[in-house]
file entry-v8.tsv (TSV, C-alpha atoms)
chain	number	residue	atom	x	y	z
A	24	MET	CA	6.06	151.74	80.31
A	25	SER	CA	3.98	149.04	81.95
A	26	LEU	CA	5.77	145.74	82.27
A	27	GLY	CA	3.75	142.54	82.55
A	28	TRP	CA	4.29	138.79	82.50
A	29	GLU	CA	2.73	138.59	79.02
A	30	VAL	CA	6.08	139.62	77.48
A	31	LEU	CA	7.21	136.03	78.08
A	32	GLU	CA	4.27	134.43	76.29
A	33	LEU	CA	4.99	132.69	73.01
A	34	ASP	CA	3.16	130.73	70.32
A	35	ALA	CA	4.25	127.28	71.49
A	36	ALA	CA	3.10	125.39	68.39
A	37	ALA	CA	4.92	127.76	66.05
A	38	GLU	CA	8.04	127.67	68.22
A	39	VAL	CA	8.11	123.87	68.29
A	40	ALA	CA	7.83	123.79	64.50
A	41	ARG	CA	10.59	126.39	64.12
A	42	ILE	CA	12.98	124.54	66.45
A	43	ALA	CA	12.22	121.16	64.85
A	44	ALA	CA	13.06	122.62	61.43
A	45	MET	CA	16.32	124.03	62.84
A	46	LEU	CA	17.22	120.64	64.31
A	47	ARG	CA	16.64	118.82	61.01
A	48	GLU	CA	18.53	121.42	58.99
A	49	GLY	CA	21.33	121.75	61.54
A	50	ILE	CA	21.91	118.04	62.01
A	51	ALA	CA	21.50	116.89	58.41
A	52	VAL	CA	22.76	119.81	56.35
A	53	THR	CA	25.19	121.75	58.54
A	54	LEU	CA	26.65	118.94	60.65
A	55	HIS	CA	26.09	115.98	58.28
A	56	LYS	CA	24.99	113.76	61.19
A	57	ARG	CA	22.32	111.06	61.29
A	58	GLY	CA	20.58	111.70	64.59
A	59	ALA	CA	20.87	113.23	68.05
A	60	VAL	CA	22.19	112.25	71.48
A	61	VAL	CA	20.55	113.96	74.42
A	62	ALA	CA	21.28	113.32	78.07
A	63	ILE	CA	18.04	113.38	80.04
A	64	SER	CA	18.26	114.35	83.70
A	65	GLY	CA	14.60	114.30	84.61
A	66	GLY	CA	14.46	118.09	84.45
A	67	VAL	CA	12.31	120.11	82.11
A	68	ASP	CA	15.10	121.49	79.87
A	69	SER	CA	16.53	118.15	78.75
A	70	ALA	CA	13.00	116.71	78.54
A	71	VAL	CA	11.90	119.43	76.13
A	72	CYS	CA	15.08	119.00	74.08
A	73	ALA	CA	14.51	115.25	73.83
A	74	ALA	CA	10.88	115.77	72.85
A	75	LEU	CA	11.86	118.34	70.22
A	76	ALA	CA	14.47	115.93	68.82
A	77	VAL	CA	11.88	113.14	68.60
A	78	GLN	CA	9.48	115.54	66.90
A	79	ALA	CA	12.16	116.62	64.41
A	80	LEU	CA	13.91	113.31	63.71
A	81	GLY	CA	11.60	110.52	64.90
A	82	PRO	CA	12.25	108.25	67.91
A	83	ASP	CA	14.61	105.94	66.03
A	84	ARG	CA	17.14	108.71	65.49
A	85	VAL	CA	17.30	109.94	69.09
A	86	LEU	CA	19.49	108.33	71.74
A	87	ALA	CA	18.46	109.38	75.25
A	88	LEU	CA	21.16	108.84	77.84
A	89	MET	CA	20.63	108.59	81.58
A	90	LEU	CA	23.91	109.23	83.39
A	91	PRO	CA	23.28	109.12	87.15
A	92	GLU	CA	25.90	108.94	89.88
A	93	ARG	CA	25.65	108.04	93.52
A	94	GLU	CA	24.52	111.50	94.59
A	95	SER	CA	21.81	111.91	91.92
A	96	SER	CA	18.25	112.12	93.14
A	97	PRO	CA	16.29	108.88	92.54
A	98	ALA	CA	13.27	111.04	91.75
A	99	SER	CA	15.16	112.58	88.81
A	100	ALA	CA	15.90	109.14	87.38
A	101	ALA	CA	12.24	108.13	87.76
A	102	ARG	CA	11.16	111.25	85.88
A	103	ALA	CA	13.70	110.57	83.11
A	104	ARG	CA	12.38	107.01	82.72
A	105	SER	CA	8.80	108.22	82.55
A	106	LEU	CA	9.84	110.74	79.89
A	107	ALA	CA	11.45	108.03	77.79
A	108	VAL	CA	8.31	105.90	77.97
A	109	HIS	CA	6.23	108.92	77.03
A	110	LEU	CA	8.43	109.66	74.00
A	111	GLY	CA	8.58	106.02	72.91
A	112	ILE	CA	12.36	105.82	73.18
A	113	GLU	CA	14.54	103.31	75.01
A	114	PRO	CA	16.98	105.21	77.25
A	115	LEU	CA	20.51	103.95	77.69
A	116	GLU	CA	21.56	104.16	81.34
A	117	GLU	CA	25.21	104.33	82.43
A	118	ASP	CA	26.03	104.97	86.06
A	119	ILE	CA	29.12	107.21	86.18
A	120	THR	CA	29.90	106.71	89.90
A	121	ALA	CA	32.87	104.37	89.32
A	122	THR	CA	34.39	106.78	86.79
A	123	LEU	CA	33.97	109.70	89.18
A	124	GLU	CA	35.55	107.70	91.99
A	125	ALA	CA	38.50	106.73	89.79
A	126	ILE	CA	39.14	110.31	88.73
A	127	GLY	CA	38.89	111.59	92.30
A	128	CYS	CA	35.75	113.71	91.99
A	129	TYR	CA	34.35	112.90	95.46
A	130	ARG	CA	37.74	112.61	97.22
A	131	ARG	CA	39.08	115.93	95.93
A	132	ARG	CA	35.82	117.71	96.76
A	133	ASP	CA	35.60	116.19	100.24
A	134	GLU	CA	39.20	117.13	101.03
A	135	ALA	CA	38.40	120.75	100.19
A	136	VAL	CA	35.23	120.59	102.32
A	137	ARG	CA	37.21	119.21	105.29
A	138	GLN	CA	39.52	122.22	105.16
A	139	ILE	CA	36.46	124.23	106.22
A	140	LEU	CA	34.59	121.60	108.27
A	141	PRO	CA	37.17	119.12	109.62
A	142	GLY	CA	34.47	116.74	110.89
A	143	TYR	CA	32.93	116.28	107.43
A	144	GLY	CA	32.93	112.60	106.43
A	145	ALA	CA	30.88	109.54	105.62
A	146	GLY	CA	27.15	110.06	105.80
A	147	TRP	CA	27.33	113.86	105.63
A	148	ARG	CA	25.68	115.70	102.78
A	149	MET	CA	26.60	119.12	101.39
A	150	LYS	CA	25.77	121.85	98.92
A	151	LEU	CA	26.87	125.37	98.00
A	152	VAL	CA	24.54	128.32	98.48
A	153	VAL	CA	25.00	131.72	96.84
A	154	ALA	CA	24.97	134.77	99.11
A	155	GLY	CA	25.33	138.49	98.82
A	156	ALA	CA	24.11	139.25	95.32
A	157	SER	CA	20.57	140.22	96.28
A	158	ASP	CA	21.54	142.72	98.99
A	159	GLY	CA	24.30	144.61	97.25
A	160	ARG	CA	27.21	142.70	98.72
A	161	ILE	CA	29.74	140.89	96.56
A	162	THR	CA	28.52	137.50	95.40
A	163	HIS	CA	30.08	134.68	97.36
A	164	PHE	CA	29.25	131.11	98.31
A	165	ASN	CA	28.52	129.43	101.60
A	166	LEU	CA	29.16	125.76	102.24
A	167	VAL	CA	26.13	124.09	103.81
A	168	ALA	CA	26.78	120.63	105.23
A	169	GLU	CA	24.52	118.32	107.19
A	170	THR	CA	25.66	115.60	109.57
A	171	PRO	CA	24.09	112.12	109.40
A	172	GLU	CA	22.02	113.21	112.45
A	173	GLY	CA	20.66	116.20	110.52
A	174	VAL	CA	22.69	118.95	112.21
A	175	ARG	CA	23.43	121.75	109.74
A	176	HIS	CA	26.65	123.74	109.49
A	177	GLU	CA	27.11	126.78	107.28
A	178	ALA	CA	30.34	128.63	106.57
A	179	ARG	CA	31.57	131.14	103.99
A	180	LEU	CA	33.90	129.55	101.46
A	181	PRO	CA	37.30	131.18	100.88
A	182	ALA	CA	38.35	131.45	97.23
A	183	ARG	CA	40.68	128.46	97.21
A	184	GLN	CA	38.26	125.96	98.73
A	185	TYR	CA	35.36	127.30	96.65
A	186	LEU	CA	37.35	126.84	93.44
A	187	GLU	CA	38.50	123.36	94.46
A	188	ILE	CA	34.99	122.18	95.29
A	189	VAL	CA	33.58	123.51	92.02
A	190	ALA	CA	36.49	122.12	89.99
A	191	ALA	CA	36.07	118.66	91.52
A	192	THR	CA	32.29	118.69	91.16
A	193	SER	CA	32.59	119.74	87.51
A	194	PHE	CA	33.96	116.27	86.78
A	195	LYS	CA	30.31	115.19	86.85
A	196	GLN	CA	29.33	117.37	83.90
A	197	ARG	CA	32.58	116.68	82.05
A	198	ILE	CA	32.42	112.89	82.39
A	199	ARG	CA	28.80	112.96	81.24
A	200	LYS	CA	29.79	114.95	78.18
A	201	SER	CA	32.58	112.50	77.33
A	202	ILE	CA	30.05	109.66	77.36
A	203	GLU	CA	27.59	111.65	75.27
A	204	TYR	CA	30.28	112.19	72.64
A	205	PHE	CA	31.34	108.54	72.74
A	206	HIS	CA	27.82	107.53	71.74
A	207	ALA	CA	27.48	110.40	69.27
A	208	ASP	CA	30.75	109.41	67.57
A	209	ARG	CA	29.90	105.72	67.34
A	210	LEU	CA	26.46	106.46	65.90
A	211	ASN	CA	27.50	109.46	63.78
A	212	TYR	CA	25.00	111.57	65.74
A	213	ALA	CA	25.14	115.17	67.01
A	214	VAL	CA	25.02	116.07	70.71
A	215	LEU	CA	22.26	118.36	71.90
A	216	GLY	CA	23.01	120.84	74.66
A	217	THR	CA	20.09	121.69	76.90
A	218	PRO	CA	20.68	125.14	78.45
A	219	ASN	CA	17.79	127.56	78.60
A	220	ARG	CA	18.36	131.29	78.11
A	221	LEU	CA	18.97	132.05	81.79
A	222	GLU	CA	21.70	129.43	81.97
A	223	TYR	CA	23.24	130.33	78.62
A	224	ASP	CA	23.26	134.09	79.20
A	225	GLN	CA	24.31	133.99	82.86
A	226	GLY	CA	26.99	131.35	82.36
A	227	PHE	CA	25.40	128.65	84.49
A	228	PHE	CA	27.20	125.73	82.90
A	229	VAL	CA	30.54	123.93	82.97
A	230	LYS	CA	32.93	124.64	80.13
A	231	ASN	CA	33.70	121.36	78.32
A	232	GLY	CA	30.89	119.88	80.39
A	233	ASP	CA	27.22	120.65	79.94
A	234	GLY	CA	28.31	123.80	78.07
A	235	THR	CA	29.56	121.73	75.14
A	236	ALA	CA	27.24	120.63	72.35
A	237	ASP	CA	26.70	120.67	68.60
A	238	LEU	CA	23.27	122.31	68.86
A	239	LYS	CA	21.52	124.15	71.69
A	240	PRO	CA	17.87	124.18	70.64
A	241	ILE	CA	16.39	126.07	73.62
A	242	ALA	CA	19.23	128.47	74.47
A	243	HIS	CA	17.10	131.37	73.19
A	244	LEU	CA	14.10	130.52	75.41
A	245	TYR	CA	13.44	131.88	78.88
A	246	LYS	CA	12.79	129.17	81.46
A	247	SER	CA	9.06	129.87	81.67
A	248	GLN	CA	8.90	129.53	77.88
A	249	VAL	CA	10.56	126.11	78.19
A	250	TYR	CA	7.82	125.12	80.65
A	251	ALA	CA	5.25	126.41	78.13
A	252	LEU	CA	6.75	124.13	75.46
A	253	ALA	CA	6.71	121.23	77.94
A	254	ARG	CA	2.98	121.74	78.45
A	255	HIS	CA	2.38	122.11	74.71
A	256	LEU	CA	4.33	118.91	74.04
A	257	ARG	CA	2.18	117.22	76.74
A	258	LEU	CA	5.19	116.00	78.68
A	259	PRO	CA	4.41	114.12	81.93
A	260	ASP	CA	3.10	116.42	84.66
A	261	GLU	CA	5.92	115.65	87.06
A	262	ILE	CA	8.35	117.05	84.46
A	263	ALA	CA	6.28	119.95	83.18
A	264	SER	CA	5.90	121.16	86.76
A	265	ALA	CA	9.27	120.08	88.23
A	266	ALA	CA	11.13	122.79	90.15
A	267	PRO	CA	14.59	123.46	88.70
A	268	THR	CA	17.35	121.78	90.72
A	269	THR	CA	21.05	121.30	90.07
A	270	ASP	CA	21.08	117.62	91.12
A	271	THR	CA	24.83	118.05	91.52
A	272	TYR	CA	25.40	118.12	95.28
A	273	SER	CA	24.36	115.55	97.88
A	274	LEU	CA	21.97	117.96	99.64
A	275	ALA	CA	18.97	119.02	97.57
A	276	GLN	CA	19.69	122.35	95.93
A	277	GLY	CA	17.44	124.71	93.97
A	278	GLN	CA	19.03	126.59	91.08
A	279	ASP	CA	18.04	129.89	92.69
A	280	GLU	CA	19.89	128.82	95.85
A	281	PHE	CA	23.07	128.11	93.98
A	282	TYR	CA	23.27	130.64	91.23
A	283	PHE	CA	20.39	132.91	90.38
A	284	ALA	CA	19.36	135.80	92.59
A	285	LEU	CA	15.65	135.08	92.09
A	286	PRO	CA	13.29	132.16	91.41
A	287	TYR	CA	13.25	131.39	87.69
A	288	ARG	CA	9.98	133.12	86.83
A	289	GLU	CA	11.08	136.43	88.33
A	290	MET	CA	14.56	135.89	86.91
A	291	ASP	CA	13.02	135.47	83.42
A	292	LEU	CA	11.22	138.78	83.68
A	293	ALA	CA	14.31	140.52	85.06
A	294	LEU	CA	16.52	139.22	82.25
A	295	TRP	CA	13.92	140.08	79.61
A	296	SER	CA	13.63	143.57	81.06
A	297	SER	CA	17.38	144.01	81.21
A	298	ASN	CA	17.66	142.89	77.58
A	299	HIS	CA	14.93	145.31	76.48
A	300	GLY	CA	16.14	148.40	78.36
A	301	VAL	CA	13.21	148.48	80.78
A	302	PRO	CA	13.88	151.01	83.61
A	303	ALA	CA	14.54	149.45	87.02
A	304	GLU	CA	11.47	151.24	88.41
A	305	ASP	CA	9.19	149.34	86.01
A	306	LEU	CA	10.78	146.00	86.87
A	307	ALA	CA	10.41	146.89	90.56
A	308	ARG	CA	6.64	147.45	90.11
A	309	ALA	CA	6.21	144.17	88.23
A	310	LEU	CA	8.17	142.15	90.79
A	311	GLN	CA	6.78	144.13	93.74
A	312	VAL	CA	10.23	144.95	95.06
A	313	SER	CA	11.94	148.28	95.75
A	314	SER	CA	13.62	150.21	92.93
A	315	GLU	CA	16.93	149.70	94.73
A	316	ALA	CA	16.37	145.94	94.73
A	317	ALA	CA	15.56	146.01	91.00
A	318	ARG	CA	18.77	147.97	90.33
A	319	ARG	CA	20.73	145.35	92.26
A	320	ILE	CA	19.11	142.60	90.17
A	321	TYR	CA	20.20	144.39	86.97
A	322	ALA	CA	23.70	144.81	88.40
A	323	ASP	CA	23.86	141.12	89.29
A	324	ILE	CA	22.79	140.12	85.76
A	325	ALA	CA	25.49	142.33	84.26
A	326	ALA	CA	28.12	141.07	86.71
A	327	LYS	CA	27.38	137.38	86.03
A	328	ARG	CA	27.44	138.01	82.29
A	329	ARG	CA	30.83	139.71	82.60
A	330	ALA	CA	32.27	137.09	84.92
A	331	THR	CA	31.27	134.15	82.71
A	332	ARG	CA	31.95	135.64	79.28
A	333	HIS	CA	35.13	133.57	79.03
A	334	LEU	CA	33.04	130.39	79.10
A	335	HIS	CA	31.63	131.31	75.69
A	336	ARG	CA	34.90	132.39	74.15
A	337	ARG	CA	36.80	130.40	71.58
A	338	PRO	CA	40.45	129.92	72.44
A	339	ILE	CA	42.48	133.09	71.93
A	340	LEU	CA	44.82	132.89	68.93
A	341	VAL	CA	47.83	135.05	68.18
A	342	ASP	CA	46.63	135.60	64.60
A	343	PRO	CA	43.10	135.05	63.29
A	344	ILE	CA	42.63	132.12	60.92
A	345	PRO	CA	40.02	133.61	58.59
A	346	GLU	CA	39.48	130.42	56.61
A	347	ILE	CA	38.18	128.76	59.79
A	348	GLU	CA	36.43	131.79	61.32
A	349	ASP	CA	34.32	131.98	58.15
A	350	LEU	CA	32.65	128.67	59.05
A	351	ASP	CA	30.26	130.57	61.33
A	352	ALA	CA	29.28	133.06	58.65
B	17	MET	CA	55.47	151.32	100.67
B	18	ASP	CA	52.25	153.06	101.71
B	19	LEU	CA	49.02	151.13	101.92
B	20	ARG	CA	47.62	152.28	98.57
B	21	ALA	CA	50.87	151.37	96.85
B	22	GLU	CA	50.78	147.93	98.46
B	23	VAL	CA	47.23	147.37	97.27
B	24	ARG	CA	48.12	148.54	93.76
B	25	HIS	CA	51.08	146.18	93.79
B	26	PHE	CA	48.86	143.23	94.77
B	27	ILE	CA	46.31	144.09	92.07
B	28	ALA	CA	49.02	144.45	89.44
B	29	GLU	CA	50.77	141.20	90.33
B	30	ASN	CA	47.75	139.00	90.96
B	31	PHE	CA	45.00	140.30	88.67
B	32	LEU	CA	46.98	141.85	85.81
B	33	LEU	CA	49.99	139.51	86.05
B	34	THR	CA	52.50	142.34	85.75
B	35	SER	CA	55.11	143.86	87.97
B	36	GLY	CA	55.21	147.01	85.87
B	37	PRO	CA	53.20	150.23	86.33
B	38	ILE	CA	49.43	149.94	85.76
B	39	ASP	CA	46.96	152.44	84.36
B	40	LEU	CA	44.55	152.58	87.28
B	41	ALA	CA	43.48	155.58	89.34
B	42	ASP	CA	43.08	155.01	93.08
B	43	ALA	CA	39.39	155.93	92.91
B	44	GLU	CA	38.55	153.83	89.84
B	45	SER	CA	36.05	151.00	90.21
B	46	LEU	CA	37.84	147.68	89.87
B	47	THR	CA	34.65	145.92	88.81
B	48	SER	CA	33.78	148.53	86.18
B	49	ARG	CA	37.29	148.20	84.80
B	50	GLY	CA	36.79	144.43	84.56
B	51	ILE	CA	39.68	143.79	86.97
B	52	LEU	CA	37.71	142.38	89.90
B	53	ASP	CA	34.94	139.77	89.71
B	54	SER	CA	33.39	137.82	92.58
B	55	THR	CA	36.15	135.17	92.59
B	56	GLY	CA	38.78	137.89	92.48
B	57	ALA	CA	37.08	139.59	95.42
B	58	LEU	CA	37.40	136.41	97.47
B	59	GLU	CA	41.07	136.12	96.49
B	60	LEU	CA	41.54	139.74	97.55
B	61	VAL	CA	39.84	139.03	100.89
B	62	ALA	CA	42.11	136.01	101.48
B	63	HIS	CA	45.13	138.24	100.79
B	64	LEU	CA	43.92	141.01	103.12
B	65	GLU	CA	43.26	138.53	105.91
B	66	ALA	CA	46.68	136.88	105.55
B	67	ARG	CA	48.73	140.02	104.91
B	68	TYR	CA	47.13	142.38	107.43
B	69	GLY	CA	45.85	139.95	110.04
B	70	ILE	CA	42.26	141.14	109.77
B	71	ALA	CA	39.05	139.11	109.63
B	72	VAL	CA	36.57	140.20	106.95
B	73	THR	CA	32.97	139.52	107.96
B	74	ASP	CA	30.20	138.49	105.57
B	75	GLU	CA	28.63	141.95	105.93
B	76	GLU	CA	31.92	143.60	104.93
B	77	LEU	CA	32.01	141.76	101.58
B	78	HIS	CA	30.70	144.92	99.95
B	79	PRO	CA	31.87	147.04	97.00
B	80	ASP	CA	32.07	150.01	99.40
B	81	ASN	CA	35.05	148.26	101.01
B	82	LEU	CA	36.68	146.46	98.10
B	83	ASP	CA	35.94	148.11	94.75
B	84	SER	CA	38.88	150.52	94.38
B	85	VAL	CA	42.42	150.96	95.61
B	86	GLU	CA	41.43	153.82	97.92
B	87	ARG	CA	38.42	151.92	99.32
B	88	ILE	CA	40.53	148.84	100.02
B	89	ALA	CA	43.25	150.91	101.70
B	90	ALA	CA	40.67	152.78	103.81
B	91	PHE	CA	39.02	149.48	104.76
B	92	ILE	CA	42.34	148.03	105.94
B	93	GLU	CA	42.99	151.14	107.99
B	94	ARG	CA	39.54	150.99	109.62
B	95	LYS	CA	39.94	147.30	110.40
B	96	ARG	CA	43.37	147.84	111.93
B	97	ALA	CA	42.31	150.89	113.96
call {"tool": "encode", "arguments": {"input": "entry-v8.tsv", "output": "structure tokens"}}
result
Amino acid sequence: MSLGWEVLELDAAAEVARIAAMLREGIAVTLHKRGAVVAISGGVDSAVCAALAVQALGPDRVLALMLPERESSPASAARARSLAVHLGIEPLEEDITATLEAIGCYRRRDEAVRQILPGYGAGWRMKLVVAGASDGRITHFNLVAETPEGVRHEARLPARQYLEIVAATSFKQRIRKSIEYFHADRLNYAVLGTPNRLEYDQGFFVKNGDGTADLKPIAHLYKSQVYALARHLRLPDEIASAAPTTDTYSLAQGQDEFYFALPYREMDLALWSSNHGVPAEDLARALQVSSEAARRIYADIAAKRRATRHLHRRPILVDPIPEIEDLDA
Amino acid sequence: MDLRAEVRHFIAENFLLTSGPIDLADAESLTSRGILDSTGALELVAHLEARYGIAVTDEELHPDNLDSVERIAAFIERKRA
């Protein structure tokens, strides 16, 4: 079998119409809500979701929220504002820094960082970088921190400090989601979640944070398909061509640095191939890597899916409650 | 307690939350059985370093060393040799 990039092509106009119909039906008929709240980060996923909501519901029924904090990139905020102008909507901006300070997000994270780098303090910046998955080792994370003078330190994170840093940082996504639901509740709107297929499938989200939503209109789309919709929807160039970042840590961090084994385009093809039973040798030819490397990519996809399955699970009950389970039928 | 028994005991207590006997062959893959994920592997490494006084390098974070009871026991023995 010959594997090519064309497997990721889609009819963007038809897909936009299909998603817009789902949004109208889902919000009005299934959820009985009057509009949609979407948090816009300046990235392509939330931009496409906001544009789809405007297409489906009209600008008056879409509330776009900008929820920056002190470590957010100013460039992301500028892109979010330009998106709002483009869509003809007035974004509501709420800086969540004070809330994160009050709840101890930065303090708890920095205390965990100092257990590894005792000199870490004011003016330093940091991020986590994934290691191991692409060369057959066990996936783990390195702490990368930079002094105010630009000197970099890198150290492997033990389990306890890794978990503490991620738990503290996840306050960002969870506080944002609380604010999204405040506005959704007061307006009787639904909340849109903005994961693409890579994020949804591979568990790249925070439970009860960005993983929570009433509808996830692009969860079935590979990242390159989301970019295709962005171009079709004529979103501003700086969004339709923006590289995916996490915008979560104080040092700039690409998503492929933090979580995925490959840049998104290659990751799309690998996930598609894995989902369609394509032999590793064919993926290797398409990505121009060794068969062994392609097998490791497949193994990493399966491992991440296994490790994050609990994020998708409903709470475990002692007995099923069929009257409630049937709601999904 | 021999080394394999100690490792089995740690896996039972910390990953399966039981002090009773576990259905796990020494050669079985812990990841294939769904017992060990990447976070669990780091917890295992922290335990090995504290319990046996060894330092696990980045290069040694490999399934060949950590993905079964017998591999873990052999790894500890090599590191202590």
call {"tool": "residues_around", "arguments": {"input": "entry-v8.tsv", "residues": "A:Lys327", "least_positions_apart": "4", "cutoff": "8 Å", "atoms": "all atoms listed in the file", "output": "ChimeraX atom specification"}}
result
/A:225-226,323,331
call {"tool": "write_last_selection", "arguments": {"input": "entry-v8.tsv", "atoms": "C-alpha atoms", "output": "PDB file, keeping the file's coordinate frame"}}
result
ATOM      1  CA  GLN A 225      24.310 133.990  82.860  1.00  0.00           C
ATOM      2  CA  GLY A 226      26.990 131.350  82.360  1.00  0.00           C
ATOM      3  CA  ASP A 323      23.860 141.120  89.290  1.00  0.00           C
ATOM      4  CA  THR A 331      31.270 134.150  82.710  1.00  0.00           C
TER       5      THR A 331
END
call {"tool": "interface_residues", "arguments": {"input": "entry-v8.tsv", "of": "chain B", "to": "chain A", "cutoff": "7 Å", "atoms": "only C-alpha atoms", "output": "ChimeraX atom specification"}}
result
/B:53-55,58-59,62,77-79
call {"tool": "closest_residue", "arguments": {"input": "entry-v8.tsv", "among": "A:Ala236, A:Ala74, A:Leu306, A:Leu258", "to": "A:Ala207", "atoms": "all atoms listed in the file"}}
result
A:Ala236
call {"tool": "closest_residue", "arguments": {"input": "entry-v8.tsv", "among": "A:Leu244, A:Ala316, A:Val301, A:Ala100", "to": "A:Leu31", "atoms": "only C-alpha atoms"}}
result
A:Leu244
call {"tool": "atom_distance", "arguments": {"input": "entry-v8.tsv", "atom1": "atom CA of A:Ser64", "atom2": "atom CA of A:Ala87"}}
result
9.8 Å
call {"tool": "atom_distance", "arguments": {"input": "entry-v8.tsv", "atom1": "atom CA of A:Ile50", "atom2": "atom CA of A:Asp291"}}
result
29.0 Å
call {"tool": "atom_distance", "arguments": {"input": "entry-v8.tsv", "atom1": "atom CA of A:Arg131", "atom2": "atom CA of A:Ala191"}}
result
6.0 Å
call {"tool": "residues_around", "arguments": {"input": "entry-v8.tsv", "residues": "A:Glu116", "least_positions_apart": "6", "cutoff": "8 Å", "atoms": "all atoms listed in the file", "output": "NGL selection string"}}
result
:A and (88-91)
call {"tool": "residues_around", "arguments": {"input": "entry-v8.tsv", "residues": "A:Ala309", "least_positions_apart": "6", "cutoff": "10 Å", "atoms": "only C-alpha atoms", "output": "ChimeraX atom specification"}}
result
/A:25-28,289,292-293,303,317
call {"tool": "residues_around", "arguments": {"input": "entry-v8.tsv", "residues": "stretch 18-20 of chain B", "least_positions_apart": "4", "cutoff": "7 Å", "atoms": "all atoms listed in the file", "output": "list in words"}}
result
Arg24, Val85, Glu86 and Ala89 of chain B
call {"tool": "closest_residue", "arguments": {"input": "entry-v8.tsv", "among": "B:Ala97, B:Ala90, B:Ile70, B:Ala57", "to": "B:Ala43", "atoms": "all atoms listed in the file"}}
result
B:Ala90
call {"tool": "axis_aligned_box", "arguments": {"input": "entry-v8.tsv", "around": "stretch 67-71 of chain B", "padding_each_side": "3 Å", "output": "AutoDock Vina command-line options"}}
result
--center_x 43.9 --center_y 140.7 --center_z 107.5 --size_x 15.7 --size_y 9.3 --size_z 11.1
call {"tool": "residues_around", "arguments": {"input": "entry-v8.tsv", "residues": "B:Arg94", "least_positions_apart": "4", "cutoff": "12 Å", "atoms": "only C-alpha atoms", "output": "list in words"}}
result
Tyr68, Ile70, Ala71, Val72, Glu76, Asn81, Arg87, Ile88, Ala89 and Ala90 of chain B
call {"tool": "closest_residue", "arguments": {"input": "entry-v8.tsv", "among": "A:Val249, A:Ala37, A:Ala284, A:Val77", "to": "A:Ile324", "atoms": "all atoms listed in the file"}}
result
A:Ala284
call {"tool": "closest_residue", "arguments": {"input": "entry-v8.tsv", "among": "B:Ser45, B:Ile51, B:Leu64, B:Lys95", "to": "B:Ile27", "atoms": "all atoms listed in the file"}}
result
B:Ile51
